[in-house]
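Listing of protein31.txt, compact mmCIF, C-alpha atoms
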```txt
# COMPACT_ATOMS: atom_id res chain seq x y z
CA MET N 16 6.70 -3.09 -17.94
CA THR N 17 6.95 -5.52 -15.04
CA LYS N 18 4.11 -8.07 -15.18
CA ARG N 19 3.54 -10.39 -12.25
CA THR N 20 1.79 -13.74 -12.07
CA GLY N 21 2.71 -14.59 -8.48
CA PHE N 22 4.55 -13.40 -5.38
CA ALA N 23 6.91 -15.08 -2.94
CA HIS N 24 6.38 -15.11 0.83
CA GLY N 25 7.34 -11.68 2.18
CA GLU N 26 6.96 -9.69 -1.04
CA ILE N 27 4.59 -6.73 -1.32
CA CYS N 28 1.84 -8.04 -3.57
CA TRP N 29 -1.13 -5.68 -3.47
CA ALA N 30 -2.56 -2.31 -2.44
CA ASP N 31 -6.17 -1.17 -2.24
CA LEU N 32 -8.09 1.92 -1.20
CA GLN N 33 -10.94 2.09 1.32
CA THR N 34 -12.88 5.31 0.80
CA PRO N 35 -16.15 6.95 1.88
CA ASP N 36 -17.02 7.75 -1.77
CA VAL N 37 -16.11 5.07 -4.31
CA ASP N 38 -17.51 6.92 -7.32
CA ALA N 39 -15.62 10.12 -6.53
CA ALA N 40 -12.40 8.18 -5.93
CA LYS N 41 -12.83 6.39 -9.27
CA GLY N 42 -12.94 9.72 -11.07
CA PHE N 43 -9.90 11.07 -9.24
CA TYR N 44 -7.65 8.06 -9.86
CA ALA N 45 -8.81 7.71 -13.46
CA ALA N 46 -7.63 11.29 -14.01
CA LEU N 47 -4.37 10.54 -12.21
CA PHE N 48 -3.45 7.10 -13.59
CA GLY N 49 -5.76 6.49 -16.55
CA TRP N 50 -7.41 3.55 -14.80
CA ARG N 51 -10.54 1.90 -16.16
CA TYR N 52 -12.93 0.07 -13.85
CA GLU N 53 -15.16 -2.93 -13.50
CA ASP N 54 -17.69 -2.64 -10.67
CA GLN N 55 -18.46 -5.65 -8.48
CA PRO N 56 -21.22 -6.03 -5.84
CA THR N 57 -20.48 -6.33 -2.14
CA PRO N 58 -22.55 -8.60 0.17
CA ASP N 59 -24.24 -5.54 1.73
CA GLY N 60 -25.56 -4.25 -1.59
CA ARG N 61 -22.87 -1.69 -2.31
CA SER N 62 -20.09 -2.12 -4.88
CA TYR N 63 -16.35 -1.93 -5.21
CA ALA N 64 -14.31 -1.04 -8.30
CA MET N 65 -11.57 -3.19 -9.78
CA ALA N 66 -8.97 -0.90 -11.37
CA PHE N 67 -7.21 -1.92 -14.58
CA LEU N 68 -4.39 -0.80 -16.83
CA ASP N 69 -5.47 -2.20 -20.19
CA HIS N 70 -6.53 -5.74 -19.19
CA ASP N 71 -4.31 -5.98 -16.09
CA LEU N 72 -5.73 -5.64 -12.57
CA VAL N 73 -3.64 -3.18 -10.53
CA GLY N 74 -5.86 -2.11 -7.63
CA VAL N 75 -9.27 -1.95 -5.98
CA ILE N 76 -11.29 0.99 -4.73
CA ALA N 77 -13.62 -0.28 -2.00
CA PRO N 78 -16.22 1.29 0.31
CA GLN N 79 -15.38 1.78 3.95
CA ASN N 80 -16.92 -0.47 6.56
CA PRO N 81 -19.82 0.97 8.64
CA GLN N 82 -17.58 1.72 11.62
CA GLN N 83 -15.20 3.77 9.48
CA GLN N 84 -18.10 5.64 7.90
CA GLU N 85 -19.73 6.43 11.25
CA ALA N 86 -16.42 7.72 12.62
CA GLY N 87 -15.80 9.92 9.58
CA THR N 88 -12.49 8.17 8.90
CA PRO N 89 -10.59 9.54 5.89
CA ALA N 90 -9.88 7.28 2.94
CA GLN N 91 -6.89 4.99 3.45
CA TRP N 92 -4.56 3.00 1.24
CA ASN N 93 -3.75 -0.51 2.50
CA VAL N 94 -0.69 -2.53 1.58
CA TYR N 95 -0.40 -6.34 1.64
CA PHE N 96 2.48 -8.78 2.00
CA ALA N 97 2.23 -12.18 0.34
CA ALA N 98 2.19 -15.13 2.73
CA ASP N 99 2.37 -18.87 2.18
CA ASP N 100 0.05 -19.52 5.15
CA ALA N 101 -1.91 -16.55 6.49
CA ALA N 102 -3.38 -18.45 9.45
CA GLU N 103 0.03 -19.62 10.61
CA LEU N 104 1.42 -16.10 10.29
CA ALA N 105 -1.55 -14.64 12.20
CA ALA N 106 -0.88 -17.02 15.09
CA GLU N 107 2.75 -15.86 15.19
CA VAL N 108 1.96 -12.10 15.24
CA PRO N 109 1.54 -11.72 19.05
CA HIS N 110 4.73 -13.69 19.71
CA ALA N 111 6.62 -11.35 17.36
CA GLY N 112 5.43 -8.27 19.27
CA GLY N 113 2.61 -7.23 16.96
CA ALA N 114 -1.15 -6.91 17.39
CA LEU N 115 -3.54 -9.01 15.32
CA GLU N 116 -6.33 -6.72 14.07
CA PHE N 117 -8.35 -8.91 11.69
CA GLY N 118 -8.52 -12.44 10.36
CA PRO N 119 -7.51 -14.82 9.12
CA GLU N 120 -10.58 -14.71 6.90
CA ALA N 121 -11.18 -16.34 3.54
CA VAL N 122 -12.46 -13.94 0.87
CA ALA N 123 -14.51 -16.37 -1.20
CA ASP N 124 -12.03 -18.30 -3.35
CA THR N 125 -9.77 -15.28 -3.98
CA GLY N 126 -7.52 -15.74 -0.94
CA VAL N 127 -7.10 -15.39 2.81
CA MET N 128 -6.70 -11.98 4.45
CA VAL N 129 -5.09 -10.86 7.71
CA PHE N 130 -4.42 -7.42 9.15
CA PHE N 131 -1.92 -6.79 11.95
CA ALA N 132 -0.06 -3.83 13.43
CA PRO N 133 3.68 -3.85 14.20
CA PRO N 134 5.04 -2.12 17.31
CA GLY N 135 4.50 1.62 16.90
CA GLY N 136 1.40 1.11 14.71
CA GLY N 137 0.82 0.89 10.98
CA THR N 138 -1.95 -1.49 9.93
CA THR N 139 -0.42 -4.09 7.60
CA GLY N 140 -2.22 -6.47 5.29
CA VAL N 141 -1.31 -10.10 4.62
CA TRP N 142 -2.59 -11.99 1.59
CA GLN N 143 -2.48 -15.72 0.98
CA ALA N 144 -3.29 -16.09 -2.70
CA GLY N 145 -6.18 -18.09 -4.02
CA SER N 146 -7.57 -17.13 -7.41
CA HIS N 147 -6.26 -13.59 -6.87
CA VAL N 148 -2.47 -13.46 -6.54
CA GLY N 149 -2.00 -9.67 -6.38
CA THR N 150 -1.26 -6.83 -8.75
CA ALA N 151 -0.60 -7.84 -12.35
CA ARG N 152 1.88 -5.00 -12.91
CA MET N 153 4.51 -3.29 -10.79
CA GLU N 154 7.00 -0.45 -11.06
CA GLU N 155 5.41 1.25 -14.03
CA PRO N 156 3.04 4.21 -14.50
CA GLY N 157 -0.29 3.57 -12.81
CA ALA N 158 0.93 0.53 -10.87
CA LEU N 159 2.22 -0.16 -7.37
CA ALA N 160 5.90 0.79 -7.21
CA TRP N 161 6.99 0.82 -3.55
CA ALA N 162 5.77 0.96 0.05
CA GLU N 163 7.39 2.13 3.26
CA LEU N 164 6.37 2.10 6.89
CA LEU N 165 6.82 5.30 8.87
CA THR N 166 6.97 4.41 12.56
CA PRO N 167 8.18 5.74 15.93
CA GLU N 168 9.63 2.26 16.63
CA PRO N 169 11.57 1.28 13.49
CA GLN N 170 13.88 -1.27 15.13
CA ALA N 171 11.00 -3.15 16.76
CA ALA N 172 9.06 -3.10 13.48
CA VAL N 173 12.04 -4.47 11.55
CA GLY N 174 12.38 -7.28 14.07
CA LEU N 175 8.74 -8.22 13.71
CA PHE N 176 8.92 -8.43 9.91
CA GLN N 177 12.07 -10.50 10.11
CA GLN N 178 10.39 -12.93 12.48
CA LEU N 179 7.17 -13.20 10.49
CA PHE N 180 8.53 -13.27 6.95
CA GLY N 181 12.24 -14.06 7.30
CA HIS N 182 13.22 -10.77 5.68
CA GLU N 183 16.85 -9.87 5.34
CA VAL N 184 17.59 -6.14 5.66
CA THR N 185 19.79 -3.44 4.21
CA GLU N 186 20.41 -0.28 6.22
CA TYR N 187 21.05 3.14 4.73
CA PRO N 188 22.40 5.87 7.07
CA GLN N 189 20.56 9.17 6.71
CA ASP N 190 21.82 12.74 6.96
CA ASP N 191 19.75 13.32 10.11
CA GLY N 192 21.54 10.48 11.90
CA GLY N 193 18.73 7.99 11.45
CA THR N 194 18.57 4.86 9.33
CA TYR N 195 16.36 3.86 6.41
CA THR N 196 15.94 0.08 6.43
CA THR N 197 14.79 -1.97 3.47
CA LEU N 198 13.20 -5.38 3.86
CA MET N 199 14.49 -7.96 1.39
CA ALA N 200 12.92 -11.14 0.01
CA GLY N 201 14.76 -13.36 -2.43
CA GLY N 202 17.65 -10.90 -2.57
CA ALA N 203 15.45 -7.99 -3.70
CA GLU N 204 14.32 -4.96 -1.74
CA VAL N 205 10.55 -5.13 -1.23
CA ALA N 206 9.66 -2.38 1.27
CA GLY N 207 11.18 0.30 3.49
CA ILE N 208 10.95 1.14 7.19
CA ALA N 209 11.89 4.56 8.56
CA THR N 210 11.35 6.81 11.55
CA VAL N 211 8.46 9.26 11.25
CA PRO N 212 10.10 12.52 10.06
CA ALA N 213 10.37 15.08 12.84
CA GLY N 214 8.27 18.19 12.31
CA GLU N 215 6.53 16.77 9.23
CA ASP N 216 2.82 17.17 9.91
CA ASN N 217 1.78 15.83 6.51
CA LEU N 218 3.35 12.40 7.04
CA GLN N 219 1.81 10.37 9.84
CA PRO N 220 2.78 6.93 11.22
CA GLY N 221 1.65 4.14 8.92
CA TRP N 222 2.29 2.85 5.43
CA GLN N 223 3.14 5.18 2.57
CA VAL N 224 2.07 3.57 -0.70
CA TYR N 225 3.84 4.63 -3.91
CA PHE N 226 2.43 4.33 -7.41
CA GLY N 227 4.47 4.92 -10.52
CA VAL N 228 4.03 7.96 -12.79
CA PRO N 229 5.95 9.05 -15.90
CA SER N 230 6.29 12.60 -14.54
CA ALA N 231 5.74 13.60 -10.91
CA ALA N 232 5.18 17.23 -11.89
CA ALA N 233 2.52 16.32 -14.45
CA ALA N 234 0.87 13.90 -12.00
CA VAL N 235 0.75 16.57 -9.30
CA ALA N 236 -0.85 18.98 -11.78
CA ALA N 237 -3.45 16.35 -12.74
CA ALA N 238 -4.16 15.57 -9.08
CA THR N 239 -4.66 19.25 -8.27
CA GLU N 240 -6.96 19.72 -11.25
CA ALA N 241 -9.03 16.73 -10.04
CA GLY N 242 -9.43 18.20 -6.55
CA GLY N 243 -6.45 16.70 -4.72
CA VAL N 244 -4.04 18.46 -2.39
CA VAL N 245 -0.26 18.43 -2.73
CA LEU N 246 1.40 17.47 0.57
CA VAL N 247 4.97 17.15 -0.69
CA GLU N 248 5.98 18.84 -3.93
CA PRO N 249 8.05 16.80 -6.41
CA GLU N 250 11.60 16.40 -5.19
CA ASP N 251 14.62 14.34 -6.18
CA VAL N 252 15.50 11.82 -3.49
CA GLU N 253 18.93 10.22 -3.62
CA GLU N 254 18.84 6.55 -4.70
CA ALA N 255 15.05 6.69 -5.07
CA GLY N 256 14.18 9.18 -7.80
CA THR N 257 11.63 11.97 -8.07
CA ILE N 258 8.83 11.67 -5.52
CA ALA N 259 5.71 13.65 -4.60
CA THR N 260 2.92 13.03 -2.10
CA ILE N 261 -0.73 14.01 -2.51
CA ARG N 262 -4.03 13.66 -0.67
CA ASP N 263 -7.13 12.73 -2.65
CA PRO N 264 -10.45 14.57 -2.08
CA GLN N 265 -11.63 11.88 0.37
CA GLY N 266 -8.43 12.09 2.46
CA GLY N 267 -6.43 9.17 1.06
CA VAL N 268 -2.68 9.89 1.03
CA ILE N 269 -0.57 8.40 -1.77
CA SER N 270 2.96 9.01 -2.98
CA LEU N 271 4.00 9.22 -6.63
CA LEU N 272 7.32 7.89 -7.91
CA GLU N 273 8.71 8.59 -11.35
CA VAL N 274 9.41 5.31 -13.11
```
Please express the file's structure as structure tokens.
Amino acid sequence: MTKRTGFAHGEICWADLQTPDVDAAKGFYAALFGWRYEDQPTPDGRSYAMAFLDHDLVGVIAPQNPQQQEAGTPAQWNVYFAADDAAELAAEVPHAGGALEFGPEAVADTGVMVFFAPPGGGTTGVWQAGSHVGTARMEEPGALAWAELLTPEPQAAVGLFQQLFGHEVTEYPQDDGGTYTTLMAGGAEVAGIATVPAGEDNLQPGWQVYFGVPSAAAAVAAATEAGGVVLVEPEDVEEAGTIATIRDPQGGVISLLEV
């Protein structure tokens, strides 16, 4: 078990789900991860669900905004990088070649949120901690385990993250001639960046969020039983482990990593 009480600038600290049906998503992810929930009201009279493993907060399932609902947008997992100063980082985004999409905006006393897109796309969250620092557990079953950006412009995206967060990088040559780059903070790998796989219709540009499971095969079976769709069957990936990718009944895509 890896418990966390804080995150350094440039580390992945949080992931949440925006979905058109919060109650249905709660049932699906409870079946998949064993999450329990505490519902909280939103300012517009709806509610979002805080997801827990035992007493530890590991995620949130939130309703979509009205624009997403009107457009029929599928559910989407968001990933957040910790930042010392979200407003300062937001001001730097255009100079680094990115596009500022939202914020900075204070979320009550919990923290300050920003969303931006690197070159090639891939909405990315930034979180400056207030009372909420991020996930309380990582790299264990039911908790955030990894995130990677699939992009048509990997080199430009890497450059942006280096400029914004000061990430160091490690590059891994791939069999197809490409490179898988990991972003590093404090000497540890915190996220990956790779080219969108050619001919892979199930994996689109954007962030792939990975949650830990004890068995990818068992998790895939549970997801299917709960109404999900398997996009990538469990497979052993060199230096990563056994991975699968599924789509929940509301369209949210999530990857599963054996831990």
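Taking atom CA of Ala259 of chain N and atom CA of Arg19 of chain N as the two end points, the separation is 25.3 Å.
Among the candidates N:Pro58, N:Gly201, N:Pro89, N:Gly112, the one nearest to Leu175 of chain N when counting all atoms listed in the file is N:Gly112.
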Which residue of N:Tyr63, N:Phe22, N:Phe180, N:Phe43 approaches Met199 of chain N most closely, using only C-alpha atoms: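 Looking at the shortest contact to Met199 of chain N, the residue is N:Phe180.
Among the candidates N:Ala123, N:Leu159, N:Ala114, N:Ala30, the one nearest to Ala77 of chain N when counting all atoms listed in the file is N:Ala30.
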As lines of an AutoDock Vina configuration file: centre and edge lengths in Å, one decimal, of the axis-aligned box holding segment 158-166 of chain N with 8 Å per side:
```
center_x = 4.2
center_y = 2.6
center_z = 0.8
size_x = 22.5
size_y = 21.5
size_z = 39.4
```
Residues within 12 Å of (-12.2, 9.5, -10.6), counting only C-alpha atoms, listed as number ranges by chain: N: 36-52, 64, 66, 76, 237-238, 240-243, 263-265
Nearest to Ile208 of chain N, chosen from N:Glu163, N:Gly157, N:Gln178, N:Met65, with all atoms listed in the file counted in the distances: N:Glu163
Pick from N:Val247, N:Ala86, N:Ala102, N:Ala132, whichever lies nearest to Leu115 of chain N using all atoms listed in the file: N:Ala132
Residues near Ala203 of chain N, cut-off 10 Å, only C-alpha atoms, skip fewer than 3 positions along chain, as a list in words: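 Skipping anything fewer than 3 positions along the chain leaves Glu26, Glu183, Val184, Thr197, Leu198, Met199, Ala200 and Ala206 of chain N.
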Atoms to include: C-alpha atoms. Write the selected residues as a CSV table (one decimal), in the coordinates of the input.
```csv
chain,number,residue,atom,x,y,z
N,26,GLU,CA,7.0,-9.7,-1.0
N,183,GLU,CA,16.8,-9.9,5.3
N,184,VAL,CA,17.6,-6.1,5.7
N,197,THR,CA,14.8,-2.0,3.5
N,198,LEU,CA,13.2,-5.4,3.9
N,199,MET,CA,14.5,-8.0,1.4
N,200,ALA,CA,12.9,-11.1,0.0
N,206,ALA,CA,9.7,-2.4,1.3
```
Closest of N:Thr150, N:Asn93, N:Gln55, N:Thr138 to Asp71 of chain N - atom-to-atom distances counting all atoms listed in the file: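 Checking each candidate against Asp71 of chain N, we get N:Thr150 as the closest.
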Shell around Thr34 of chain N at 6 Å using all atoms listed in the file, local window under 3 positions removed, as a list in words: Pro78, Gln79 and Ala90 of chain N
Gap from atom CA of Gly227 of chain N to atom CA of Leu179 of chain N - Å, one decimal: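 Taking atom CA of Gly227 of chain N and atom CA of Leu179 of chain N, their separation equals 27.9 Å.
The interatomic distance for the pair atom CA of Ala151 of chain N and atom CA of Glu248 of chain N works out to 28.7 Å.
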So that I can see what lies close to Ala172 of chain N, please list as a PDB file with C-alpha atoms, keeping the file's coordinate frame the residues with an atom at most 8 Å from it, counting all atoms listed in the file and leaving out residues fewer than 6 positions away in the same chain.
```
ATOM      1  CA  PRO N 133       3.680  -3.850  14.200  1.00  0.00           C
ATOM      2  CA  PRO N 134       5.040  -2.120  17.310  1.00  0.00           C
ATOM      3  CA  GLY N 135       4.500   1.620  16.900  1.00  0.00           C
ATOM      4  CA  THR N 166       6.970   4.410  12.560  1.00  0.00           C
ATOM      5  CA  ILE N 208      10.950   1.140   7.190  1.00  0.00           C
TER       6      ILE N 208
END
```
Shell of 8 Å around Gly25 of chain N, all atoms listed in the file, local chain residues under 4 positions omitted, as an MDAnalysis selection string: chainID N and resid 96:98 180:182 200
Could you pull segment 148-163 of chain N out of the structure I just pasted and write it to a file containing N, CA and C atoms, as a compact mmCIF listing (two decimals), in the first residue's frame?
```
# COMPACT_ATOMS: atom_id res chain seq x y z
N VAL N 148 -5.39 17.47 -1.07
CA VAL N 148 -4.07 17.39 -1.68
C VAL N 148 -4.03 16.45 -2.87
N GLY N 149 -5.00 15.51 -2.97
CA GLY N 149 -4.99 14.53 -4.05
C GLY N 149 -5.40 13.17 -3.53
N THR N 150 -5.11 12.15 -4.30
CA THR N 150 -5.48 10.80 -3.90
C THR N 150 -4.70 10.37 -2.66
N ALA N 151 -5.37 9.64 -1.77
CA ALA N 151 -4.72 9.19 -0.54
C ALA N 151 -3.96 7.89 -0.73
N ARG N 152 -4.20 7.21 -1.85
CA ARG N 152 -3.48 5.96 -2.13
C ARG N 152 -3.07 5.95 -3.60
N MET N 153 -1.97 5.27 -3.88
CA MET N 153 -1.51 5.10 -5.25
C MET N 153 -0.90 3.72 -5.41
N GLU N 154 -0.95 3.25 -6.67
CA GLU N 154 -0.24 2.04 -7.08
C GLU N 154 -0.66 0.82 -6.26
N GLU N 155 -1.96 0.72 -6.05
CA GLU N 155 -2.52 -0.46 -5.40
C GLU N 155 -3.91 -0.70 -5.99
N PRO N 156 -4.51 -1.88 -5.74
CA PRO N 156 -5.83 -2.14 -6.31
C PRO N 156 -6.87 -1.09 -5.93
N GLY N 157 -7.56 -0.58 -6.95
CA GLY N 157 -8.59 0.41 -6.74
C GLY N 157 -8.11 1.84 -6.69
N ALA N 158 -6.81 2.06 -6.87
CA ALA N 158 -6.24 3.40 -6.77
C ALA N 158 -5.49 3.77 -8.06
N LEU N 159 -5.31 5.06 -8.26
CA LEU N 159 -4.57 5.56 -9.40
C LEU N 159 -3.16 4.96 -9.43
N ALA N 160 -2.77 4.44 -10.60
CA ALA N 160 -1.48 3.76 -10.70
C ALA N 160 -0.55 4.38 -11.74
N TRP N 161 -1.08 5.00 -12.78
CA TRP N 161 -0.24 5.56 -13.84
C TRP N 161 -1.12 6.39 -14.76
N ALA N 162 -0.50 7.23 -15.57
CA ALA N 162 -1.20 7.99 -16.60
C ALA N 162 -0.24 8.25 -17.74
N GLU N 163 -0.77 8.20 -18.95
CA GLU N 163 0.08 8.49 -20.12
C GLU N 163 -0.72 9.26 -21.15
```
